[in-house]
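Asker: Can you keep this structure in mind? I'll have questions shortly.
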Amino acid sequence: MEQKQRLTIRLSRYAMSFSVADAEAEAQIEYVPYPMKSGIAPAANLREAFLTEPILQKGFSKVLVMMSTPVVMVPTDQFRIGTETDIYNHAVTEHENDLVMYSVLTQLNAVALFAVNKDLKTVIDDHFTDAKWCPVCQPVWNYMHQRSYAGIRRKLYAYFYDKHMSVFSFTENRFRFVNTFDGTNSHDSVFFILSVWQQLGLDQRRDEMHLVGNIPEREEMIEQLRKFLQNVYKINPSGDFNRAPITQIKGLPYDLMALYLKGRG
(Lines give C-alpha, C1' and ligand atoms only; values in the text may rest on other atoms or scores of the structure.)
Protein backbone atom coordinates (compact mmCIF):
# COMPACT_ATOMS: atom_id res chain seq x y z
CA MET A 1 0.00 0.00 0.00
CA GLU A 2 1.41 3.38 -1.03
CA GLN A 3 2.10 5.85 1.78
CA LYS A 4 1.04 9.42 1.03
CA GLN A 5 3.43 10.99 3.51
CA ARG A 6 6.97 12.01 2.63
CA LEU A 7 9.78 9.94 4.11
CA THR A 8 12.95 11.81 5.13
CA ILE A 9 16.36 10.24 4.58
CA ARG A 10 19.21 12.09 6.28
CA LEU A 11 22.63 11.10 5.02
CA SER A 12 26.19 12.03 6.01
CA ARG A 13 29.55 10.35 5.59
CA TYR A 14 29.15 8.89 9.07
CA ALA A 15 25.46 8.17 9.57
CA MET A 16 22.10 7.62 7.92
CA SER A 17 18.60 7.84 9.31
CA PHE A 18 14.99 7.48 8.19
CA SER A 19 12.08 9.42 9.65
CA VAL A 20 8.47 10.28 8.97
CA ALA A 21 5.75 12.25 10.74
CA ASP A 22 3.52 9.91 12.76
CA ALA A 23 0.67 11.38 14.79
CA GLU A 24 0.24 8.11 16.68
CA ALA A 25 3.86 7.94 17.85
CA GLU A 26 4.72 9.29 21.29
CA ALA A 27 7.16 11.83 19.85
CA GLN A 28 5.00 12.56 16.78
CA ILE A 29 7.58 11.09 14.40
CA GLU A 30 9.05 7.68 13.70
CA TYR A 31 12.84 7.98 13.73
CA VAL A 32 15.14 5.13 12.71
CA PRO A 33 18.93 5.64 12.87
CA TYR A 34 20.72 3.22 10.54
CA PRO A 35 24.18 1.86 11.44
CA MET A 36 26.23 2.34 8.28
CA LYS A 37 28.86 -0.24 7.43
CA SER A 38 32.31 1.25 7.00
CA GLY A 39 34.20 0.35 3.88
CA ILE A 40 31.18 0.43 1.57
CA ALA A 41 29.65 3.45 -0.11
CA PRO A 42 26.55 5.24 1.20
CA ALA A 43 24.63 4.07 -1.88
CA ALA A 44 25.48 0.45 -1.06
CA ASN A 45 24.45 0.99 2.57
CA LEU A 46 21.12 2.38 1.40
CA ARG A 47 20.56 -0.57 -0.94
CA GLU A 48 21.09 -2.94 1.99
CA ALA A 49 18.77 -0.86 4.18
CA PHE A 50 15.93 -1.34 1.69
CA LEU A 51 16.25 -5.09 2.25
CA THR A 52 16.23 -5.00 6.05
CA GLU A 53 14.54 -1.86 7.42
CA PRO A 54 10.76 -2.13 7.96
CA ILE A 55 10.25 1.65 7.57
CA LEU A 56 11.59 1.43 4.00
CA GLN A 57 9.14 -1.33 3.15
CA LYS A 58 5.99 0.68 3.87
CA GLY A 59 5.49 1.82 0.28
CA PHE A 60 6.61 5.44 0.41
CA SER A 61 6.65 7.12 -3.00
CA LYS A 62 7.75 10.57 -1.79
CA VAL A 63 11.06 11.31 -0.11
CA LEU A 64 13.12 14.25 1.11
CA VAL A 65 16.84 13.50 1.07
CA MET A 66 18.87 15.74 3.39
CA MET A 67 22.53 15.70 2.40
CA SER A 68 25.42 16.51 4.74
CA THR A 69 27.81 17.67 2.04
CA PRO A 70 29.72 20.90 1.26
CA VAL A 71 27.43 23.74 0.17
CA VAL A 72 28.08 26.68 -2.13
CA MET A 73 25.62 29.55 -1.68
CA VAL A 74 24.64 31.73 -4.65
CA PRO A 75 22.38 34.84 -4.51
CA THR A 76 19.11 34.09 -6.27
CA ASP A 77 19.45 37.00 -8.70
CA GLN A 78 22.86 35.70 -9.83
CA PHE A 79 21.86 32.05 -10.26
CA ARG A 80 21.15 30.56 -13.68
CA ILE A 81 19.98 26.97 -14.10
CA GLY A 82 22.68 25.03 -15.93
CA THR A 83 25.59 26.85 -14.28
CA GLU A 84 25.46 24.99 -10.96
CA THR A 85 28.07 22.34 -11.82
CA ASP A 86 30.69 24.84 -13.01
CA ILE A 87 30.14 27.11 -10.00
CA TYR A 88 30.28 24.27 -7.50
CA ASN A 89 33.34 22.54 -8.94
CA HIS A 90 35.17 25.85 -9.10
CA ALA A 91 34.61 26.35 -5.37
CA VAL A 92 34.74 22.76 -4.07
CA THR A 93 37.21 20.09 -5.18
CA GLU A 94 36.90 16.30 -4.97
CA HIS A 95 33.29 16.22 -6.17
CA GLU A 96 33.90 16.40 -9.92
CA ASN A 97 32.34 12.96 -10.46
CA ASP A 98 29.20 13.78 -8.46
CA LEU A 99 25.98 15.39 -9.58
CA VAL A 100 25.50 18.99 -8.45
CA MET A 101 21.98 19.77 -7.27
CA TYR A 102 20.42 22.94 -5.96
CA SER A 103 17.79 23.96 -3.42
CA VAL A 104 16.17 27.39 -3.40
CA LEU A 105 16.03 29.19 -0.04
CA THR A 106 13.18 31.55 -0.87
CA GLN A 107 13.17 33.44 2.44
CA LEU A 108 16.88 34.15 2.16
CA ASN A 109 17.09 35.03 -1.55
CA ALA A 110 19.74 32.35 -2.02
CA VAL A 111 20.29 29.06 -3.84
CA ALA A 112 22.25 26.29 -2.11
CA LEU A 113 24.39 24.11 -4.39
CA PHE A 114 25.50 20.70 -3.12
CA ALA A 115 26.94 17.44 -4.44
CA VAL A 116 25.15 14.10 -4.66
CA ASN A 117 26.83 10.80 -5.53
CA LYS A 118 25.46 9.44 -8.83
CA ASP A 119 24.91 5.92 -7.48
CA LEU A 120 23.01 7.32 -4.51
CA LYS A 121 20.79 9.36 -6.84
CA THR A 122 20.09 6.18 -8.82
CA VAL A 123 19.07 4.25 -5.68
CA ILE A 124 16.68 7.04 -4.68
CA ASP A 125 15.19 7.29 -8.18
CA ASP A 126 14.70 3.51 -8.29
CA HIS A 127 12.61 3.53 -5.10
CA PHE A 128 10.72 6.86 -5.15
CA THR A 129 8.68 8.66 -7.80
CA ASP A 130 8.86 12.05 -6.04
CA ALA A 131 12.26 12.97 -4.56
CA LYS A 132 13.25 16.33 -3.14
CA TRP A 133 16.77 17.18 -2.01
CA CYS A 134 18.29 19.76 0.33
CA PRO A 135 21.35 20.35 2.53
CA VAL A 136 20.93 19.22 6.16
CA CYS A 137 21.39 22.82 7.35
CA GLN A 138 18.51 24.26 5.31
CA PRO A 139 15.80 23.90 7.99
CA VAL A 140 18.22 25.40 10.55
CA TRP A 141 19.17 28.36 8.36
CA ASN A 142 15.52 29.16 7.70
CA TYR A 143 14.40 28.78 11.30
CA MET A 144 17.31 30.83 12.67
CA HIS A 145 16.51 33.52 10.12
CA GLN A 146 12.98 33.76 11.58
CA ARG A 147 14.45 33.69 15.07
CA SER A 148 16.95 36.46 14.27
CA TYR A 149 14.19 39.08 14.22
CA ALA A 150 13.71 38.76 17.99
CA GLY A 151 15.32 41.80 19.60
CA ILE A 152 17.41 44.51 17.99
CA ARG A 153 20.91 43.10 18.53
CA ARG A 154 22.84 41.58 15.65
CA LYS A 155 23.38 37.82 15.95
CA LEU A 156 25.93 35.27 14.80
CA TYR A 157 25.01 31.58 14.80
CA ALA A 158 27.09 28.39 14.83
CA TYR A 159 25.36 25.08 14.13
CA PHE A 160 27.35 21.93 14.99
CA TYR A 161 26.48 18.76 13.08
CA ASP A 162 28.25 15.70 11.61
CA LYS A 163 31.69 16.95 12.76
CA HIS A 164 31.10 20.26 10.96
CA MET A 165 30.18 23.79 12.05
CA SER A 166 28.02 26.08 9.92
CA VAL A 167 28.60 29.73 10.90
CA PHE A 168 26.08 32.24 9.60
CA SER A 169 24.48 35.63 10.10
CA PHE A 170 21.64 37.51 8.46
CA THR A 171 20.83 40.98 7.34
CA GLU A 172 17.10 41.41 6.73
CA ASN A 173 16.04 38.77 4.16
CA ARG A 174 19.43 37.42 3.13
CA PHE A 175 22.63 35.94 4.44
CA ARG A 176 25.22 38.41 5.61
CA PHE A 177 27.67 35.53 6.02
CA VAL A 178 27.54 31.75 5.70
CA ASN A 179 30.38 29.22 5.64
CA THR A 180 31.23 25.77 6.97
CA PHE A 181 34.26 24.84 9.06
CA ASP A 182 35.64 21.76 10.76
CA GLY A 183 33.69 21.37 13.99
CA THR A 184 35.57 18.61 15.82
CA ASN A 185 37.84 20.74 18.00
CA SER A 186 36.57 23.40 20.40
CA HIS A 187 39.73 25.55 20.21
CA ASP A 188 39.63 25.65 16.40
CA SER A 189 35.90 26.37 16.48
CA VAL A 190 36.42 29.32 18.84
CA PHE A 191 39.12 30.67 16.51
CA PHE A 192 36.85 30.37 13.45
CA ILE A 193 33.91 31.99 15.26
CA LEU A 194 35.96 34.93 16.53
CA SER A 195 37.49 35.42 13.08
CA VAL A 196 34.02 35.67 11.52
CA TRP A 197 32.86 37.94 14.35
CA GLN A 198 35.74 40.31 13.66
CA GLN A 199 35.22 40.11 9.89
CA LEU A 200 31.59 41.17 10.30
CA GLY A 201 32.49 44.00 12.68
CA LEU A 202 30.16 42.77 15.42
CA ASP A 203 30.20 44.46 18.84
CA GLN A 204 31.66 42.20 21.54
CA ARG A 205 29.69 43.94 24.30
CA ARG A 206 26.35 44.33 22.57
CA ASP A 207 25.80 41.70 19.85
CA GLU A 208 24.93 38.03 20.41
CA MET A 209 26.57 34.67 19.70
CA HIS A 210 24.25 31.64 19.56
CA LEU A 211 25.48 28.03 19.58
CA VAL A 212 23.25 25.11 18.62
CA GLY A 213 23.55 21.41 17.85
CA ASN A 214 26.06 18.77 18.90
CA ILE A 215 28.64 21.14 20.39
CA PRO A 216 32.06 19.58 21.12
CA GLU A 217 33.48 20.32 24.59
CA ARG A 218 30.51 22.61 25.08
CA GLU A 219 31.28 24.14 28.47
CA GLU A 220 34.92 24.79 27.59
CA MET A 221 33.92 26.39 24.28
CA ILE A 222 31.38 28.69 25.91
CA GLU A 223 33.91 29.65 28.58
CA GLN A 224 36.50 30.51 25.95
CA LEU A 225 34.04 32.56 23.89
CA ARG A 226 32.90 34.49 26.96
CA LYS A 227 36.45 35.73 27.46
CA PHE A 228 35.91 37.80 24.31
CA LEU A 229 32.15 38.11 23.81
CA GLN A 230 29.70 39.28 26.45
CA ASN A 231 26.54 37.63 25.10
CA VAL A 232 27.07 33.92 24.35
CA TYR A 233 24.06 31.60 24.41
CA LYS A 234 23.49 27.88 23.87
CA ILE A 235 20.13 27.14 22.27
CA ASN A 236 18.33 24.37 24.15
CA PRO A 237 16.01 22.44 21.81
CA SER A 238 13.42 21.63 24.49
CA GLY A 239 13.05 25.25 25.54
CA ASP A 240 13.39 26.54 21.99
CA PHE A 241 10.58 24.32 20.70
CA ASN A 242 8.24 24.63 23.72
CA ARG A 243 9.07 21.16 25.06
CA ALA A 244 7.79 19.43 21.94
CA PRO A 245 7.99 15.63 22.32
CA ILE A 246 10.31 15.39 19.32
CA THR A 247 13.06 17.12 21.33
CA GLN A 248 13.22 14.12 23.67
CA ILE A 249 14.27 11.64 20.97
CA LYS A 250 17.79 10.53 21.80
CA GLY A 251 20.31 11.33 19.08
CA LEU A 252 17.87 13.24 16.86
CA PRO A 253 19.80 16.02 15.07
CA TYR A 254 18.55 19.58 15.59
CA ASP A 255 18.07 19.98 11.82
CA LEU A 256 15.45 17.21 11.84
CA MET A 257 13.69 18.85 14.79
CA ALA A 258 13.60 22.13 12.85
CA LEU A 259 12.38 20.33 9.73
CA TYR A 260 9.41 18.65 11.44
CA LEU A 261 8.47 21.56 13.70
CA LYS A 262 9.20 24.56 11.45
CA GLY A 263 9.43 23.19 7.89
CA ARG A 264 12.20 23.05 5.34
CA GLY A 265 11.75 26.64 4.23
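Going through the C-alpha coordinates in order, the chains are called A, B, and so on, while each chain numbers its residues from 1 and the ligands are numbered from 1 in the order shown.
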List the spatial neighbours of range 225-230 of chain A as number ranges by chain - criterion: any atom at most 12 Å away, only C-alpha atoms, same-chain residues fewer than 3 positions off excluded.

Answerer: A: 155-156, 186-195, 197-198, 202-211, 218-222, 233-234

Asker: Applying 7 Å and only C-alpha atoms, which residues near Tyr161 in chain A remain after dropping the ones on its own chain fewer than 2 positions away? List them as a list in words.

Answerer: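 Using only C-alpha atoms, the neighbours found are Tyr159, Lys163, His164, Met165, Gly213 and Asn214 of chain A.
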
Asker: Figure out the distance between CA of Pro237 in chain A and CA of Gln199 in chain A, please, to one decimal in Å.

Answerer: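 Result for CA of Gln199 in chain A versus CA of Pro237 in chain A: 28.7 Å, one decimal.
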
Asker: Counting only C-alpha atoms, which residues of range 100-147 of chain A fall within 10 Å of range 27-41 of chain A, and what is the closest atom pair for each with its distance in Å at one decimal, ordered by chain and rising number, as a tab-separated table?

Answerer:
residue	atom	partner	partner_atom	distance
A:Asn117	CA	A:Ala41	CA	9.6
A:Asp119	CA	A:Ala41	CA	9.1
A:Leu120	CA	A:Ala41	CA	8.8

Asker: Counting only C-alpha atoms, figure out which residue out of A:Gln146, A:Val104, A:His127, A:Pro135 gets nearest to Leu51 in chain A.

Answerer: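 Using only C-alpha atoms, the shortest distance to Leu51 in chain A belongs to A:His127.
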
Asker: I'd like the neighbourhood of Thr122 in chain A as a list in words, where a residue qualifies if any of its atoms comes within 12 Å (using only C-alpha atoms), though same-chain residues fewer than 5 positions away should be ignored.

Answerer: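 Once the adjacent positions are removed, what remains is Pro42, Ala43, Ala44, Leu46, Arg47, Asp98, Leu99, Val116, Asn117, His127, Phe128, Thr129 and Ala131 of chain A.
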
Asker: Would you output that residue set with N, CA and C atoms, as an mmCIF file, in the first residue's frame?

Answerer:
data_model
loop_
_atom_site.group_PDB
_atom_site.id
_atom_site.type_symbol
_atom_site.label_atom_id
_atom_site.label_comp_id
_atom_site.auth_asym_id
_atom_site.auth_seq_id
_atom_site.Cartn_x
_atom_site.Cartn_y
_atom_site.Cartn_z
ATOM 1 N N PRO A 42 27.894 4.945 0.710
ATOM 2 C CA PRO A 42 26.548 5.236 1.203
ATOM 3 C C PRO A 42 25.446 4.630 0.332
ATOM 4 N N ALA A 43 25.644 4.640 -0.990
ATOM 5 C CA ALA A 43 24.629 4.068 -1.875
ATOM 6 C C ALA A 43 24.444 2.581 -1.601
ATOM 7 N N ALA A 44 25.548 1.874 -1.361
ATOM 8 C CA ALA A 44 25.477 0.447 -1.059
ATOM 9 C C ALA A 44 24.817 0.219 0.296
ATOM 10 N N LEU A 46 22.549 2.124 1.581
ATOM 11 C CA LEU A 46 21.124 2.384 1.398
ATOM 12 C C LEU A 46 20.449 1.208 0.696
ATOM 13 N N ARG A 47 21.128 0.614 -0.278
ATOM 14 C CA ARG A 47 20.559 -0.568 -0.943
ATOM 15 C C ARG A 47 20.303 -1.685 0.068
ATOM 16 N N ASP A 98 30.544 13.785 -9.039
ATOM 17 C CA ASP A 98 29.202 13.778 -8.465
ATOM 18 C C ASP A 98 28.256 14.663 -9.268
ATOM 19 N N LEU A 99 26.976 14.470 -9.046
ATOM 20 C CA LEU A 99 25.978 15.388 -9.579
ATOM 21 C C LEU A 99 25.899 16.607 -8.674
ATOM 22 N N VAL A 116 25.822 15.366 -4.934
ATOM 23 C CA VAL A 116 25.153 14.098 -4.660
ATOM 24 C C VAL A 116 25.828 13.005 -5.485
ATOM 25 N N ASN A 117 26.227 11.935 -4.833
ATOM 26 C CA ASN A 117 26.825 10.798 -5.527
ATOM 27 C C ASN A 117 25.851 10.224 -6.559
ATOM 28 N N HIS A 127 13.570 3.880 -6.164
ATOM 29 C CA HIS A 127 12.606 3.535 -5.105
ATOM 30 C C HIS A 127 11.511 4.578 -4.880
ATOM 31 N N PHE A 128 11.686 5.797 -5.404
ATOM 32 C CA PHE A 128 10.716 6.858 -5.146
ATOM 33 C C PHE A 128 10.366 7.575 -6.443
ATOM 34 N N THR A 129 9.097 7.926 -6.591
ATOM 35 C CA THR A 129 8.680 8.655 -7.796
ATOM 36 C C THR A 129 8.767 10.167 -7.606
ATOM 37 N N ALA A 131 11.117 12.743 -5.465
ATOM 38 C CA ALA A 131 12.257 12.965 -4.563
ATOM 39 C C ALA A 131 12.630 14.437 -4.537
#

Asker: Write down as a list in words the residues belonging to range 122-175 of chain A that are assigned strand (DSSP E or B) by DSSP computed on the backbone.

Answerer: Asp130, Ala131, Lys132, Trp133, Cys134, Pro135, Lys155, Leu156, Tyr157, Ala158, Tyr159, Phe160, Tyr161, His164, Met165, Ser166, Val167, Phe168, Ser169, Phe170, Thr171, Arg174 and Phe175 of chain A

Asker: Excluding Thr106 in chain A and any residue of its chain fewer than 6 positions from it, enumerate the residues within 10 Å of it, using only C-alpha atoms, and give them as a VMD selection string.

Answerer: chain A and resid 76 142 173 to 174 265

Asker: Output the selection as a short mmCIF file (atom, residue, chain, number, x, y, z; two decimals), in the first residue's frame - all heavy atoms for each residue.

Answerer:
data_model
loop_
_atom_site.label_atom_id
_atom_site.label_comp_id
_atom_site.auth_asym_id
_atom_site.auth_seq_id
_atom_site.Cartn_x
_atom_site.Cartn_y
_atom_site.Cartn_z
N THR A 76 20.12 34.49 -5.31
CA THR A 76 19.11 34.09 -6.27
C THR A 76 19.20 34.87 -7.57
O THR A 76 19.08 34.31 -8.67
CB THR A 76 17.69 34.26 -5.67
OG1 THR A 76 17.61 33.49 -4.47
CG2 THR A 76 16.62 33.80 -6.63
N ASN A 142 16.80 28.48 7.82
CA ASN A 142 15.52 29.16 7.70
C ASN A 142 14.90 29.48 9.05
O ASN A 142 14.36 30.57 9.26
CB ASN A 142 14.56 28.33 6.85
CG ASN A 142 14.80 28.51 5.36
OD1 ASN A 142 14.58 29.58 4.81
ND2 ASN A 142 15.28 27.46 4.71
N ASN A 173 16.51 40.02 4.78
CA ASN A 173 16.04 38.77 4.16
C ASN A 173 17.13 38.09 3.32
O ASN A 173 16.87 37.55 2.24
CB ASN A 173 14.81 39.05 3.29
CG ASN A 173 15.12 39.99 2.14
OD1 ASN A 173 16.10 40.73 2.19
ND2 ASN A 173 14.30 39.96 1.11
N ARG A 174 18.36 38.12 3.83
CA ARG A 174 19.43 37.42 3.13
C ARG A 174 20.56 37.10 4.09
O ARG A 174 20.61 37.63 5.21
CB ARG A 174 19.95 38.24 1.94
CG ARG A 174 20.58 39.57 2.30
CD ARG A 174 20.97 40.32 1.04
NE ARG A 174 19.81 40.63 0.21
CZ ARG A 174 19.65 40.15 -1.03
NH1 ARG A 174 20.55 39.35 -1.56
NH2 ARG A 174 18.58 40.47 -1.72
N GLY A 265 11.51 25.27 4.65
CA GLY A 265 11.75 26.64 4.23
C GLY A 265 12.03 26.74 2.75
O GLY A 265 12.16 25.74 2.06
#

Asker: Between A:Phe50, A:Phe114, A:Tyr143, A:Trp133, which has the minimum distance to Val72 in chain A (counting only C-alpha atoms)?

Answerer: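 Counting only C-alpha atoms, the residue closest to Val72 in chain A is A:Phe114.
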
Asker: Please, which residues of range 220-249 of chain A, numbered as in this document, come out alpha helix (DSSP H) from DSSP, as a PyMOL selection string?

Answerer: chain A and resi 220-225+237-240

Asker: In Å, how far is it from CA of Arg243 in chain A to CA of Val140 in chain A?

Answerer: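 Interatomic distance here is 17.7 Å.
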